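What follows is a single structure, written as structure tokens, with notes after it.
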Amino acid sequence: MRIVFESSTLHQSKMGSVTGVVYFDFSPEQRFPVVGWNDFVVVVAGWWLAALNQITRTEGEIVLRFMDGPYWISVVPQEGSKLLLRCTEDRRGAGVVQSTTVDLGEFVREVTGFARAVSLACAAAGIESADLENLRGLLPS
């Protein structure tokens, strides 16, 4: 499993929102939501980091939401250091479109790596925003 972030697609709108391509790559046949998914990467990275902090402190389910579109991933702790990821599309007849089990350490590295990559790409592009400051405040030292 890896989180794909394409820094070359980073864009800040006139209103200040920062978007870019981000999606989960589980295998050549399993990507979520889809290859090339464009979303509000700064906001999403902040949400996911906050959720990550929650999962390392509790045994309950957390949700990783995408801001643009009816997509989310439910993250359910399993025995040992495993997590069940349920990818959900909230459209008629869709529901859970795929599930996979990943290692907690791998998951933490991917979410944190994605958030750091977004922060660095924004710095390189000269992008600043309140959402970016929030994201940077959530990044581990």
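Following the order of the structure tokens, chains are lettered A, B, ..., residues in each are numbered from 1, and ligands are numbered from 1.
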
Practice prompt. With a distance cut-off of 9 Å and only C-alpha atoms, select the neighbouring residues of Leu135 of chain A, excluding the residue or stretch itself and same-chain residues fewer than 3 positions from it, and output the selection as a ChimeraX atom specification.
Written response: /A:42-43,45-47,49-50,115-116,119,130-132,138-139

Just list as a PyMOL selection string whatever in chain A DSSP marks as strand (DSSP E).
chain A and resi 2-12+18-27+30-32+38-39+62-65+71-77+82-89+95-103

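Interatomic distance, atom CA of Ser74 of chain A against atom CA of Thr88 of chain A: 7.6 Å.
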
message: At a cut-off of 12 Å, using only C-alpha atoms, what residues contact Phe24 of chain A? Leave out same-chain residues fewer than 4 positions from it and give the result as an MDAnalysis selection string.
response: chainID A and resid 1:6 28:37 64 66 71:73 85:87 98:100 107 110:111 114

Give me, as JSON, numbers by chain, the residues of segment 5-133 of chain A that a backbone DSSP run labels alpha helix (DSSP H). {"A": [41, 42, 43, 44, 45, 46, 47, 48, 49, 50, 51, 52, 53, 54, 55, 104, 105, 106, 107, 108, 109, 110, 111, 112, 113, 114, 115, 116, 117, 118, 119, 120, 121, 122, 123, 124, 125, 130, 131, 132, 133]}

How would the residues just picked look written out with C-alpha atoms as a short mmCIF file (atom, residue, chain, number, x, y, z; two decimals), in the first residue's frame?
data_model
loop_
_atom_site.label_atom_id
_atom_site.label_comp_id
_atom_site.auth_asym_id
_atom_site.auth_seq_id
_atom_site.Cartn_x
_atom_site.Cartn_y
_atom_site.Cartn_z
CA VAL A 41 -4.46 17.93 -0.48
CA VAL A 42 -3.53 20.31 2.35
CA VAL A 43 -6.88 19.92 4.10
CA VAL A 44 -7.00 16.15 3.49
CA ALA A 45 -3.44 15.66 4.77
CA GLY A 46 -4.34 17.57 7.94
CA TRP A 47 -7.48 15.50 8.47
CA TRP A 48 -5.60 12.25 7.95
CA LEU A 49 -2.80 13.23 10.35
CA ALA A 50 -5.36 14.12 13.02
CA ALA A 51 -7.09 10.76 12.45
CA LEU A 52 -3.72 8.99 12.61
CA ASN A 53 -3.06 10.51 16.03
CA GLN A 54 -6.44 9.17 17.10
CA ILE A 55 -5.81 5.59 15.94
CA LEU A 104 0.04 -0.23 11.30
CA GLY A 105 3.67 0.88 10.89
CA GLU A 106 3.35 0.97 7.09
CA PHE A 107 0.12 2.94 7.39
CA VAL A 108 1.69 5.49 9.76
CA ARG A 109 4.69 5.92 7.43
CA GLU A 110 2.48 6.44 4.37
CA VAL A 111 0.15 9.00 5.95
CA THR A 112 3.01 10.89 7.57
CA GLY A 113 5.08 10.74 4.37
CA PHE A 114 2.16 12.07 2.34
CA ALA A 115 1.63 14.95 4.77
CA ARG A 116 5.35 15.84 4.74
CA ALA A 117 5.44 15.70 0.94
CA VAL A 118 2.48 18.10 0.73
CA SER A 119 4.14 20.49 3.19
CA LEU A 120 7.46 20.41 1.30
CA ALA A 121 5.78 20.84 -2.10
CA CYS A 122 3.87 23.85 -0.80
CA ALA A 123 7.07 25.37 0.59
CA ALA A 124 8.84 24.84 -2.74
CA ALA A 125 5.93 26.50 -4.57
CA ALA A 130 -3.92 28.72 7.49
CA ASP A 131 -4.69 25.11 6.49
CA LEU A 132 -1.01 24.56 5.72
CA GLU A 133 0.01 25.95 9.13
#

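Distances here use only C-alpha atoms; by that measure, the residue among A:Ser129, A:Thr58, A:Asn38, A:Ser81 closest to Ser17 of chain A is A:Ser129.
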
Nearest to Arg65 of chain A, restricted to only C-alpha atoms and choosing among A:Tyr23, A:Arg91, A:His11, A:Val18, comes out as A:Tyr23
